[in-house]
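**Q** What follows is model_4.pdb, made up of PDB, C-alpha atoms, pLDDT in the B column:
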ATOM      1  CA  MET A   1     -55.132  37.537  -1.554  1.00 67.00           C
ATOM      2  CA  LYS A   2     -56.030  34.252   0.107  1.00 70.00           C
ATOM      3  CA  LYS A   3     -54.991  32.397  -3.019  1.00 71.00           C
ATOM      4  CA  ALA A   4     -51.609  34.122  -3.029  1.00 72.00           C
ATOM      5  CA  LEU A   5     -51.152  33.329   0.640  1.00 70.00           C
ATOM      6  CA  LEU A   6     -52.023  29.698  -0.015  1.00 71.00           C
ATOM      7  CA  VAL A   7     -49.447  29.551  -2.802  1.00 68.00           C
ATOM      8  CA  LEU A   8     -46.815  30.979  -0.490  1.00 74.00           C
ATOM      9  CA  VAL A   9     -47.654  28.439   2.194  1.00 68.00           C
ATOM     10  CA  VAL A  10     -47.451  25.561  -0.310  1.00 67.00           C
ATOM     11  CA  LEU A  11     -44.145  26.848  -1.633  1.00 74.00           C
ATOM     12  CA  GLY A  12     -42.841  27.193   1.898  1.00 76.00           C
ATOM     13  CA  VAL A  13     -43.855  23.640   2.743  1.00 70.00           C
ATOM     14  CA  LEU A  14     -42.236  22.339  -0.444  1.00 72.00           C
ATOM     15  CA  LEU A  15     -39.080  24.289   0.327  1.00 77.00           C
ATOM     16  CA  VAL A  16     -38.850  22.916   3.852  1.00 72.00           C
ATOM     17  CA  LEU A  17     -39.571  19.414   2.561  1.00 69.00           C
ATOM     18  CA  GLY A  18     -36.874  19.835  -0.063  1.00 69.00           C
ATOM     19  CA  VAL A  19     -34.368  20.972   2.551  1.00 68.00           C
ATOM     20  CA  PHE A  20     -35.144  17.979   4.742  1.00 68.00           C
ATOM     21  CA  LEU A  21     -34.869  15.579   1.791  1.00 63.00           C
ATOM     22  CA  ALA A  22     -31.538  17.102   0.744  1.00 62.00           C
ATOM     23  CA  LEU A  23     -30.291  16.960   4.328  1.00 69.00           C
ATOM     24  CA  GLY A  24     -31.351  13.323   4.636  1.00 65.00           C
ATOM     25  CA  TRP A  25     -29.645  12.460   1.384  1.00 64.00           C
ATOM     26  CA  GLY A  26     -26.493  14.266   2.489  1.00 67.00           C
ATOM     27  CA  ILE A  27     -26.354  12.435   5.812  1.00 82.00           C
ATOM     28  CA  ARG A  28     -26.977   9.072   4.168  1.00 79.00           C
ATOM     29  CA  SER A  29     -24.309   9.658   1.497  1.00 80.00           C
ATOM     30  CA  TYR A  30     -21.807  10.911   4.084  1.00 86.00           C
ATOM     31  CA  ASN A  31     -22.423   7.841   6.230  1.00 86.00           C
ATOM     32  CA  GLN A  32     -21.777   5.632   3.209  1.00 89.00           C
ATOM     33  CA  ILE A  33     -18.444   7.288   2.439  1.00 92.00           C
ATOM     34  CA  ILE A  34     -17.085   7.313   6.014  1.00 93.00           C
ATOM     35  CA  PRO A  35     -16.763   3.508   6.471  1.00 93.00           C
ATOM     36  CA  LEU A  36     -15.224   3.155   3.005  1.00 94.00           C
ATOM     37  CA  SER A  37     -12.653   5.830   3.843  1.00 93.00           C
ATOM     38  CA  ALA A  38     -11.944   4.130   7.169  1.00 93.00           C
ATOM     39  CA  LYS A  39     -11.457   0.809   5.364  1.00 95.00           C
ATOM     40  CA  VAL A  40      -8.852   2.367   3.068  1.00 95.00           C
ATOM     41  CA  GLU A  41      -6.948   3.769   6.054  1.00 93.00           C
ATOM     42  CA  SER A  42      -7.199   0.481   7.939  1.00 94.00           C
ATOM     43  CA  GLN A  43      -5.917  -1.482   4.977  1.00 95.00           C
ATOM     44  CA  TRP A  44      -3.123   1.024   4.456  1.00 94.00           C
ATOM     45  CA  ALA A  45      -2.027   0.369   8.047  1.00 93.00           C
ATOM     46  CA  GLN A  46      -1.758  -3.319   7.158  1.00 95.00           C
ATOM     47  CA  VAL A  47       0.398  -2.479   4.144  1.00 94.00           C
ATOM     48  CA  GLN A  48       2.645  -0.365   6.354  1.00 92.00           C
ATOM     49  CA  ASN A  49       2.960  -3.195   8.860  1.00 94.00           C
ATOM     50  CA  VAL A  50       4.169  -5.755   6.328  1.00 95.00           C
ATOM     51  CA  TYR A  51       6.573  -3.307   4.705  1.00 94.00           C
ATOM     52  CA  GLN A  52       7.973  -2.446   8.132  1.00 93.00           C
ATOM     53  CA  ARG A  53       8.376  -6.136   8.912  1.00 94.00           C
ATOM     54  CA  ARG A  54      10.423  -6.553   5.755  1.00 94.00           C
ATOM     55  CA  ALA A  55      12.559  -3.529   6.607  1.00 93.00           C
ATOM     56  CA  ASP A  56      13.186  -4.970  10.072  1.00 94.00           C
ATOM     57  CA  LEU A  57      14.384  -8.278   8.594  1.00 93.00           C
ATOM     58  CA  ILE A  58      16.925  -6.717   6.248  1.00 93.00           C
ATOM     59  CA  PRO A  59      19.677  -5.723   8.725  1.00 93.00           C
ATOM     60  CA  ASN A  60      19.900  -9.292  10.058  1.00 92.00           C
ATOM     61  CA  LEU A  61      19.738 -10.698   6.543  1.00 90.00           C
ATOM     62  CA  VAL A  62      22.558  -8.450   5.351  1.00 90.00           C
ATOM     63  CA  ALA A  63      24.664  -9.209   8.433  1.00 89.00           C
ATOM     64  CA  THR A  64      24.206 -12.961   7.972  1.00 88.00           C
ATOM     65  CA  VAL A  65      24.892 -12.986   4.246  1.00 87.00           C
ATOM     66  CA  SER A  66      27.894 -10.683   4.538  1.00 86.00           C
ATOM     67  CA  GLY A  67      29.513 -13.332   6.743  1.00 82.00           C
ATOM     68  CA  ALA A  68      29.944 -15.597   3.706  1.00 79.00           C
ATOM     69  CA  ALA A  69      33.449 -15.521   2.304  1.00 73.00           C
ATOM     70  CA  ASN A  70      33.941 -13.154  -0.625  1.00 79.00           C
ATOM     71  CA  PHE A  71      30.270 -12.229  -0.838  1.00 83.00           C
ATOM     72  CA  GLU A  72      29.592  -9.514  -3.413  1.00 84.00           C
ATOM     73  CA  LYS A  73      29.780  -6.237  -1.521  1.00 87.00           C
ATOM     74  CA  SER A  74      28.044  -4.213  -4.254  1.00 89.00           C
ATOM     75  CA  THR A  75      24.901  -6.308  -3.831  1.00 89.00           C
ATOM     76  CA  LEU A  76      24.848  -5.723  -0.084  1.00 90.00           C
ATOM     77  CA  ILE A  77      25.392  -2.002  -0.570  1.00 92.00           C
ATOM     78  CA  ALA A  78      22.490  -1.850  -3.033  1.00 93.00           C
ATOM     79  CA  VAL A  79      20.134  -3.479  -0.501  1.00 93.00           C
ATOM     80  CA  THR A  80      21.313  -1.240   2.332  1.00 93.00           C
ATOM     81  CA  GLU A  81      20.917   1.917   0.247  1.00 94.00           C
ATOM     82  CA  ALA A  82      17.484   0.836  -1.018  1.00 94.00           C
ATOM     83  CA  ARG A  83      16.336   0.240   2.565  1.00 93.00           C
ATOM     84  CA  ALA A  84      17.619   3.676   3.550  1.00 92.00           C
ATOM     85  CA  SER A  85      15.715   5.298   0.666  1.00 91.00           C
ATOM     86  CA  VAL A  86      12.516   3.661   1.904  1.00 89.00           C
ATOM     87  CA  GLY A  87      13.112   5.126   5.344  1.00 85.00           C
ATOM     88  CA  ASN A  88      13.499   8.592   3.835  1.00 84.00           C
ATOM     89  CA  VAL A  89       9.970   8.509   2.400  1.00 81.00           C
ATOM     90  CA  LYS A  90       7.381   9.672   4.919  1.00 72.00           C
ATOM     91  CA  MET A  91       4.687   7.079   5.633  1.00 69.00           C
ATOM     92  CA  ASP A  92       2.080   9.422   7.102  1.00 79.00           C
ATOM     93  CA  PRO A  93      -1.245   8.052   5.752  1.00 82.00           C
ATOM     94  CA  LYS A  94      -2.863  11.474   5.255  1.00 81.00           C
ATOM     95  CA  GLU A  95       0.067  12.832   3.278  1.00 84.00           C
ATOM     96  CA  LEU A  96       0.541   9.752   1.116  1.00 88.00           C
ATOM     97  CA  LEU A  97      -3.086   8.847   0.413  1.00 91.00           C
ATOM     98  CA  ASP A  98      -4.138  12.418  -0.381  1.00 89.00           C
ATOM     99  CA  HIS A  99      -1.161  13.195  -2.621  1.00 89.00           C
ATOM    100  CA  PRO A 100      -0.649  10.779  -5.559  1.00 91.00           C
ATOM    101  CA  GLU A 101       2.861  12.089  -6.211  1.00 91.00           C
ATOM    102  CA  LYS A 102       3.909  11.253  -2.628  1.00 90.00           C
ATOM    103  CA  PHE A 103       2.296   7.839  -2.923  1.00 92.00           C
ATOM    104  CA  ALA A 104       4.214   7.237  -6.171  1.00 92.00           C
ATOM    105  CA  GLN A 105       7.497   8.114  -4.420  1.00 91.00           C
ATOM    106  CA  PHE A 106       6.698   5.646  -1.656  1.00 92.00           C
ATOM    107  CA  GLU A 107       5.834   2.910  -4.159  1.00 93.00           C
ATOM    108  CA  GLN A 108       8.970   3.533  -6.214  1.00 92.00           C
ATOM    109  CA  ALA A 109      11.173   3.323  -3.112  1.00 93.00           C
ATOM    110  CA  GLN A 110       9.578   0.010  -2.117  1.00 93.00           C
ATOM    111  CA  ASP A 111       9.968  -1.311  -5.667  1.00 92.00           C
ATOM    112  CA  ARG A 112      13.674  -0.433  -5.634  1.00 93.00           C
ATOM    113  CA  LEU A 113      14.056  -2.347  -2.384  1.00 93.00           C
ATOM    114  CA  SER A 114      12.207  -5.341  -3.865  1.00 91.00           C
ATOM    115  CA  SER A 115      14.539  -5.320  -6.885  1.00 91.00           C
ATOM    116  CA  ALA A 116      17.645  -5.064  -4.694  1.00 92.00           C
ATOM    117  CA  LEU A 117      16.456  -7.967  -2.544  1.00 91.00           C
ATOM    118  CA  SER A 118      15.741 -10.053  -5.633  1.00 88.00           C
ATOM    119  CA  ARG A 119      19.304  -9.486  -6.868  1.00 89.00           C
ATOM    120  CA  LEU A 120      20.673 -10.373  -3.433  1.00 88.00           C
ATOM    121  CA  LEU A 121      18.730 -13.627  -3.336  1.00 83.00           C
ATOM    122  CA  VAL A 122      19.974 -14.595  -6.791  1.00 85.00           C
ATOM    123  CA  VAL A 123      23.573 -13.977  -5.763  1.00 86.00           C
ATOM    124  CA  VAL A 124      23.095 -15.992  -2.563  1.00 84.00           C
ATOM    125  CA  GLU A 125      22.505 -19.113  -4.679  1.00 82.00           C
ATOM    126  CA  ARG A 126      26.228 -19.091  -5.490  1.00 83.00           C
ATOM    127  CA  TYR A 127      27.103 -19.644  -1.814  1.00 83.00           C
ATOM    128  CA  PRO A 128      25.922 -23.126  -0.751  1.00 82.00           C
ATOM    129  CA  ASP A 129      27.735 -22.783   2.592  1.00 80.00           C
ATOM    130  CA  LEU A 130      24.842 -20.574   3.703  1.00 77.00           C
ATOM    131  CA  LYS A 131      22.653 -23.684   3.620  1.00 69.00           C
ATOM    132  CA  ALA A 132      24.212 -24.747   6.916  1.00 71.00           C
ATOM    133  CA  ASN A 133      23.487 -21.378   8.537  1.00 80.00           C
ATOM    134  CA  SER A 134      20.354 -21.830  10.649  1.00 84.00           C
ATOM    135  CA  ASN A 135      20.003 -18.077  11.120  1.00 86.00           C
ATOM    136  CA  PHE A 136      19.933 -17.563   7.361  1.00 84.00           C
ATOM    137  CA  LEU A 137      17.382 -20.346   6.865  1.00 84.00           C
ATOM    138  CA  GLU A 138      15.094 -18.745   9.447  1.00 90.00           C
ATOM    139  CA  LEU A 139      15.459 -15.335   7.794  1.00 89.00           C
ATOM    140  CA  GLN A 140      14.769 -16.935   4.420  1.00 82.00           C
ATOM    141  CA  SER A 141      11.501 -18.381   5.702  1.00 87.00           C
ATOM    142  CA  GLN A 142      10.432 -15.112   7.328  1.00 91.00           C
ATOM    143  CA  LEU A 143      11.265 -13.083   4.234  1.00 89.00           C
ATOM    144  CA  GLU A 144       9.332 -15.447   1.982  1.00 88.00           C
ATOM    145  CA  GLY A 145       6.267 -15.144   4.195  1.00 92.00           C
ATOM    146  CA  THR A 146       6.613 -11.367   4.338  1.00 93.00           C
ATOM    147  CA  GLU A 147       6.883 -10.982   0.565  1.00 91.00           C
ATOM    148  CA  ASN A 148       3.749 -13.056   0.097  1.00 93.00           C
ATOM    149  CA  ARG A 149       1.977 -10.987   2.753  1.00 95.00           C
ATOM    150  CA  ILE A 150       2.975  -7.772   0.988  1.00 94.00           C
ATOM    151  CA  ALA A 151       1.357  -8.988  -2.231  1.00 93.00           C
ATOM    152  CA  VAL A 152      -1.827  -9.957  -0.365  1.00 95.00           C
ATOM    153  CA  GLU A 153      -2.126  -6.688   1.575  1.00 96.00           C
ATOM    154  CA  ARG A 154      -1.439  -4.564  -1.495  1.00 95.00           C
ATOM    155  CA  GLY A 155      -4.240  -6.400  -3.298  1.00 95.00           C
ATOM    156  CA  ARG A 156      -6.636  -5.834  -0.413  1.00 96.00           C
ATOM    157  CA  PHE A 157      -5.659  -2.185  -0.274  1.00 96.00           C
ATOM    158  CA  ASN A 158      -6.452  -1.768  -3.975  1.00 96.00           C
ATOM    159  CA  GLU A 159      -9.841  -3.412  -3.439  1.00 97.00           C
ATOM    160  CA  ALA A 160     -10.639  -1.009  -0.584  1.00 97.00           C
ATOM    161  CA  VAL A 161      -9.521   1.971  -2.679  1.00 96.00           C
ATOM    162  CA  GLN A 162     -11.642   0.840  -5.619  1.00 96.00           C
ATOM    163  CA  ALA A 163     -14.806   0.647  -3.478  1.00 96.00           C
ATOM    164  CA  TYR A 164     -14.080   4.067  -1.983  1.00 96.00           C
ATOM    165  CA  ASN A 165     -13.202   5.724  -5.309  1.00 96.00           C
ATOM    166  CA  VAL A 166     -16.375   4.427  -6.970  1.00 95.00           C
ATOM    167  CA  GLU A 167     -18.507   5.894  -4.180  1.00 93.00           C
ATOM    168  CA  VAL A 168     -16.902   9.355  -4.104  1.00 94.00           C
ATOM    169  CA  GLN A 169     -17.059   9.710  -7.906  1.00 92.00           C
ATOM    170  CA  LYS A 170     -20.740   8.811  -8.283  1.00 90.00           C
ATOM    171  CA  VAL A 171     -23.186  11.527  -9.253  1.00 87.00           C
ATOM    172  CA  PRO A 172     -24.485  13.295  -7.227  1.00 86.00           C
ATOM    173  CA  GLN A 173     -22.297  12.004  -4.338  1.00 85.00           C
ATOM    174  CA  VAL A 174     -19.255  13.537  -6.002  1.00 89.00           C
ATOM    175  CA  PHE A 175     -20.435  17.053  -5.045  1.00 87.00           C
ATOM    176  CA  LEU A 176     -20.846  16.122  -1.398  1.00 87.00           C
ATOM    177  CA  ALA A 177     -17.488  14.300  -1.413  1.00 88.00           C
ATOM    178  CA  ARG A 178     -15.706  17.359  -2.764  1.00 88.00           C
ATOM    179  CA  ALA A 179     -17.374  19.606  -0.221  1.00 88.00           C
ATOM    180  CA  PHE A 180     -16.072  17.454   2.641  1.00 88.00           C
ATOM    181  CA  GLY A 181     -12.628  16.829   1.135  1.00 89.00           C
ATOM    182  CA  PHE A 182     -13.132  13.192   0.105  1.00 92.00           C
ATOM    183  CA  THR A 183     -10.912  12.823  -2.951  1.00 92.00           C
ATOM    184  CA  PRO A 184     -10.027   9.670  -4.928  1.00 94.00           C
ATOM    185  CA  LYS A 185      -7.105   7.679  -3.517  1.00 94.00           C
ATOM    186  CA  PRO A 186      -4.167   6.250  -5.511  1.00 94.00           C
ATOM    187  CA  TYR A 187      -3.700   2.552  -6.248  1.00 94.00           C
ATOM    188  CA  PHE A 188      -0.622   0.379  -6.135  1.00 93.00           C
ATOM    189  CA  GLN A 189       0.304  -0.082  -9.775  1.00 86.00           C
ATOM    190  CA  ALA A 190       1.272  -3.564 -10.924  1.00 70.00           C
ATOM    191  CA  LYS A 191       4.393  -3.567 -13.078  1.00 60.00           C
ATOM    192  CA  PRO A 192       5.211  -6.187 -15.723  1.00 46.00           C
ATOM    193  CA  GLU A 193       8.314  -7.307 -13.834  1.00 46.00           C
ATOM    194  CA  ALA A 194       6.488  -7.371 -10.489  1.00 42.00           C
ATOM    195  CA  GLN A 195       3.441  -9.512 -11.125  1.00 40.00           C
ATOM    196  CA  GLU A 196       4.573 -11.894  -8.385  1.00 45.00           C
ATOM    197  CA  ALA A 197       6.359 -11.491  -5.090  1.00 44.00           C
ATOM    198  CA  PRO A 198      10.108 -12.185  -5.298  1.00 44.00           C
ATOM    199  CA  LYS A 199      10.813 -15.910  -5.158  1.00 46.00           C
ATOM    200  CA  VAL A 200      12.732 -16.785  -2.012  1.00 42.00           C
ATOM    201  CA  ASN A 201      13.620 -20.294  -3.088  1.00 42.00           C
ATOM    202  CA  PHE A 202      17.271 -21.315  -3.071  1.00 36.00           C
ATOM    203  CA  ASN A 203      18.512 -24.395  -4.894  1.00 41.00           C
ATOM    204  CA  PHE A 204      21.725 -25.299  -3.099  1.00 36.00           C
ATOM    205  CA  ASP A 205      22.087 -28.579  -4.963  1.00 40.00           C
ATOM    206  CA  GLN A 206      23.511 -26.709  -7.913  1.00 38.00           C
ATOM    207  CA  ALA A 207      27.226 -26.188  -8.035  1.00 40.00           C
ATOM    208  CA  PRO A 208      28.378 -22.659  -7.219  1.00 39.00           C
ATOM    209  CA  ALA A 209      29.089 -20.402 -10.152  1.00 39.00           C
ATOM    210  CA  LYS A 210      32.686 -20.408 -11.272  1.00 35.00           C
TER
END
Can the structure in the file be given as structure tokens, please?
**A**
Amino acid sequence: MKKALLVLVVLGVLLVLGVFLALGWGIRSYNQIIPLSAKVESQWAQVQNVYQRRADLIPNLVATVSGAANFEKSTLIAVTEARASVGNVKMDPKELLDHPEKFAQFEQAQDRLSSALSRLLVVVERYPDLKANSNFLELQSQLEGTENRIAVERGRFNEAVQAYNVEVQKVPQVFLARAFGFTPKPYFQAKPEAQEAPKVNFNFDQAPAK
């Protein structure tokens, strides 16, 4: 009887010890995931900021460029429509980062705007009179800096997502992550035609296209 009681006591102690060890592991793992998740959200805010800065530059850019004589209206319309499509995509971090399909829609809209801007900047090279427009030159400089910043912040976002995704997919952390709703986040996908930010570099020494 005493031996059975002793066994029960030992088992009880082991059980309590196991619970405390599991609880300690859970707290430690949770505390490792939280800062990584916060880093992803913080870096996403930076991405949003630079994209918003670009969107804010576009109306002035379009207004300035449209002042050039006989400027191609279809190019301006494409930029304006692409900017509008970006505005139609919700930028709520929770919705985008937790739903890959929403994130893909956001990325596609931004890529369409990048392509439209690239076409606009190519067409602008045919209008050397814009070289004398100080407003355009200032917008050119700001847009160049913004495009470079977008590339940098997207890269940093992907780095933050990679660190987070690795942590929440480790075993056994993956079980804790699922229990608390920590799911892998989507990356920005590099495309063959978008390895570099659009070049905002106008050569006005060339003769305008005939």
**Q** For the provided coordinates, the residues matched by the PyMOL selection byres ((chain A and resi 188) around 12) should be stated as a ChimeraX atom specification.
**A** /A:44,47,96-97,100,103-108,110-111,150-162,185-187,189-191,194-195
**Q** What does the structure give for the distance between CA of Lys90 in chain A and CA of Ile58 in chain A, in Å to one decimal?
**A**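 Going from CA of Lys90 in chain A over to CA of Ile58 in chain A covers 19.0 Å.
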**Q** Would you mind listing what lies within 12 Å of range 71-77 of chain A as a list in words, with all atoms listed in the file counted and same-chain residues fewer than 5 positions away left out?
**A**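 Listed by chain and then number, they are Ile58, Pro59, Asn60, Leu61, Val62, Ala63, Thr64, Val65, Ser66, Ala82, Arg83, Ala84, Leu113, Ser115, Ala116, Leu117, Ser118, Arg119, Leu120, Leu121, Val122, Val123, Val124, Glu125, Arg126, Tyr127, Pro128, Asp129 and Leu130 of chain A.
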**Q** Go ahead and write the selection's residues with C-alpha atoms as a CSV table (one decimal), in the frame of the given file.
**A**
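Final output, out_32.csv:
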chain,number,residue,atom,x,y,z
A,58,ILE,CA,16.9,-6.7,6.2
A,59,PRO,CA,19.7,-5.7,8.7
A,60,ASN,CA,19.9,-9.3,10.1
A,61,LEU,CA,19.7,-10.7,6.5
A,62,VAL,CA,22.6,-8.4,5.4
A,63,ALA,CA,24.7,-9.2,8.4
A,64,THR,CA,24.2,-13.0,8.0
A,65,VAL,CA,24.9,-13.0,4.2
A,66,SER,CA,27.9,-10.7,4.5
A,82,ALA,CA,17.5,0.8,-1.0
A,83,ARG,CA,16.3,0.2,2.6
A,84,ALA,CA,17.6,3.7,3.6
A,113,LEU,CA,14.1,-2.3,-2.4
A,115,SER,CA,14.5,-5.3,-6.9
A,116,ALA,CA,17.6,-5.1,-4.7
A,117,LEU,CA,16.5,-8.0,-2.5
A,118,SER,CA,15.7,-10.1,-5.6
A,119,ARG,CA,19.3,-9.5,-6.9
A,120,LEU,CA,20.7,-10.4,-3.4
A,121,LEU,CA,18.7,-13.6,-3.3
A,122,VAL,CA,20.0,-14.6,-6.8
A,123,VAL,CA,23.6,-14.0,-5.8
A,124,VAL,CA,23.1,-16.0,-2.6
A,125,GLU,CA,22.5,-19.1,-4.7
A,126,ARG,CA,26.2,-19.1,-5.5
A,127,TYR,CA,27.1,-19.6,-1.8
A,128,PRO,CA,25.9,-23.1,-0.8
A,129,ASP,CA,27.7,-22.8,2.6
A,130,LEU,CA,24.8,-20.6,3.7
**Q** Pick from A:Thr80, A:Val16, A:Tyr30, A:Asp92: nearest to Ala177 in chain A, with only C-alpha atoms counted?
**A**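 Looking at the shortest contact to Ala177 in chain A, the residue is A:Tyr30.
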**Q** To one decimal place, how far is CA of Ile33 in chain A from CA of Val168 in chain A in Å?
**A** 7.0 Å
**Q** Which value, in Å to one decimal, gives the distance between CA of Arg53 in chain A and CA of Leu139 in chain A?
**A**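 Taking CA of Arg53 in chain A and CA of Leu139 in chain A, their separation equals 11.7 Å.
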**Q** Extending 4 Å beyond the listed atoms of range 87-104 of chain A on each side, what axis-aligned box results? I want centre and edge lengths in Å to one decimal, as JSON.
**A**
{"center_x": 4.7, "center_y": 9.2, "center_z": 0.4, "size_x": 25.6, "size_y": 16.1, "size_z": 21.3}
**Q** Rank nothing, just name the residue among A:Asn88, A:Ser37, A:Gln142, A:Gln32 nearest to Phe182 in chain A, using only C-alpha atoms.
**A**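 Among A:Asn88, A:Ser37, A:Gln142, A:Gln32, it is A:Ser37 that comes nearest to Phe182 in chain A.
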**Q** Which residue gives the smallest distance to Gln52 in chain A among A:Val174, A:Ala132, A:Val86, A:Thr183, with all atoms listed in the file counted?
**A**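 Closest to Gln52 in chain A, using all atoms listed in the file: A:Val86.
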**Q** Could you tell me which of A:Lys94, A:Pro184, A:Ser85, A:Val79 comes closest to Asn165 in chain A if we count all atoms listed in the file?
**A**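 The shortest atom-to-atom distance to Asn165 in chain A comes from A:Pro184.
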**Q** Place a sphere of radius 12 Å on (8.6, -13.6, 8.4) in the file coordinates and name every protein, DNA or RNA residue with an atom inside or on its surface, counting all atoms listed in the file; give the answer as a count of residues only.
**A** 26
**Q** Find the spatial neighbours of Ile34 in chain A, counting all atoms listed in the file, within a cut-off of 12 Å - ignore same-chain residues fewer than 2 positions away - and output them as a PyMOL selection string.
**A** chain A and resi 27-32+36-41+163-164+167-168+177+180-182
**Q** Hey, can you spit out that residue selection with C-alpha atoms as a JSON list (two decimals), keeping the file's coordinate frame?
**A**
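Just written: selection.json:
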[["chain", "number", "residue", "atom", "x", "y", "z"],
["A", 27, "ILE", "CA", -26.35, 12.44, 5.81],
["A", 28, "ARG", "CA", -26.98, 9.07, 4.17],
["A", 29, "SER", "CA", -24.31, 9.66, 1.50],
["A", 30, "TYR", "CA", -21.81, 10.91, 4.08],
["A", 31, "ASN", "CA", -22.42, 7.84, 6.23],
["A", 32, "GLN", "CA", -21.78, 5.63, 3.21],
["A", 36, "LEU", "CA", -15.22, 3.16, 3.00],
["A", 37, "SER", "CA", -12.65, 5.83, 3.84],
["A", 38, "ALA", "CA", -11.94, 4.13, 7.17],
["A", 39, "LYS", "CA", -11.46, 0.81, 5.36],
["A", 40, "VAL", "CA", -8.85, 2.37, 3.07],
["A", 41, "GLU", "CA", -6.95, 3.77, 6.05],
["A", 163, "ALA", "CA", -14.81, 0.65, -3.48],
["A", 164, "TYR", "CA", -14.08, 4.07, -1.98],
["A", 167, "GLU", "CA", -18.51, 5.89, -4.18],
["A", 168, "VAL", "CA", -16.90, 9.36, -4.10],
["A", 177, "ALA", "CA", -17.49, 14.30, -1.41],
["A", 180, "PHE", "CA", -16.07, 17.45, 2.64],
["A", 181, "GLY", "CA", -12.63, 16.83, 1.14],
["A", 182, "PHE", "CA", -13.13, 13.19, 0.10]]
**Q** If I only have part of range 80-93 of chain A, can you fill in N, CA and C atoms and write it as a CSV table (one decimal), in the coordinates of the input?
**A**
chain,number,residue,atom,x,y,z
A,80,THR,N,21.2,-2.2,1.2
A,80,THR,CA,21.3,-1.2,2.3
A,80,THR,C,20.9,0.1,1.9
A,81,GLU,N,21.3,0.6,0.7
A,81,GLU,CA,20.9,1.9,0.2
A,81,GLU,C,19.4,2.0,-0.1
A,82,ALA,N,18.9,0.9,-0.7
A,82,ALA,CA,17.5,0.8,-1.0
A,82,ALA,C,16.6,0.9,0.2
A,83,ARG,N,17.1,0.2,1.3
A,83,ARG,CA,16.3,0.2,2.6
A,83,ARG,C,16.4,1.6,3.1
A,84,ALA,N,17.5,2.3,3.0
A,84,ALA,CA,17.6,3.7,3.6
A,84,ALA,C,16.7,4.6,2.8
A,85,SER,N,16.6,4.4,1.5
A,85,SER,CA,15.7,5.3,0.7
A,85,SER,C,14.3,5.1,1.1
A,86,VAL,N,13.9,3.9,1.4
A,86,VAL,CA,12.5,3.7,1.9
A,86,VAL,C,12.3,4.4,3.2
A,87,GLY,N,13.2,4.4,4.1
A,87,GLY,CA,13.1,5.1,5.3
A,87,GLY,C,13.0,6.6,5.2
A,88,ASN,N,13.5,7.2,4.1
A,88,ASN,CA,13.5,8.6,3.8
A,88,ASN,C,12.1,9.1,3.3
A,89,VAL,N,11.3,8.1,2.9
A,89,VAL,CA,10.0,8.5,2.4
A,89,VAL,C,9.0,8.5,3.6
A,90,LYS,N,8.3,9.6,3.8
A,90,LYS,CA,7.4,9.7,4.9
A,90,LYS,C,6.2,8.7,4.7
A,91,MET,N,5.8,8.0,5.8
A,91,MET,CA,4.7,7.1,5.6
A,91,MET,C,3.4,7.6,6.3
A,92,ASP,N,3.3,8.9,6.5
A,92,ASP,CA,2.1,9.4,7.1
A,92,ASP,C,0.9,9.2,6.2
A,93,PRO,N,-0.1,8.4,6.6
A,93,PRO,CA,-1.2,8.1,5.8
A,93,PRO,C,-1.9,9.2,5.1
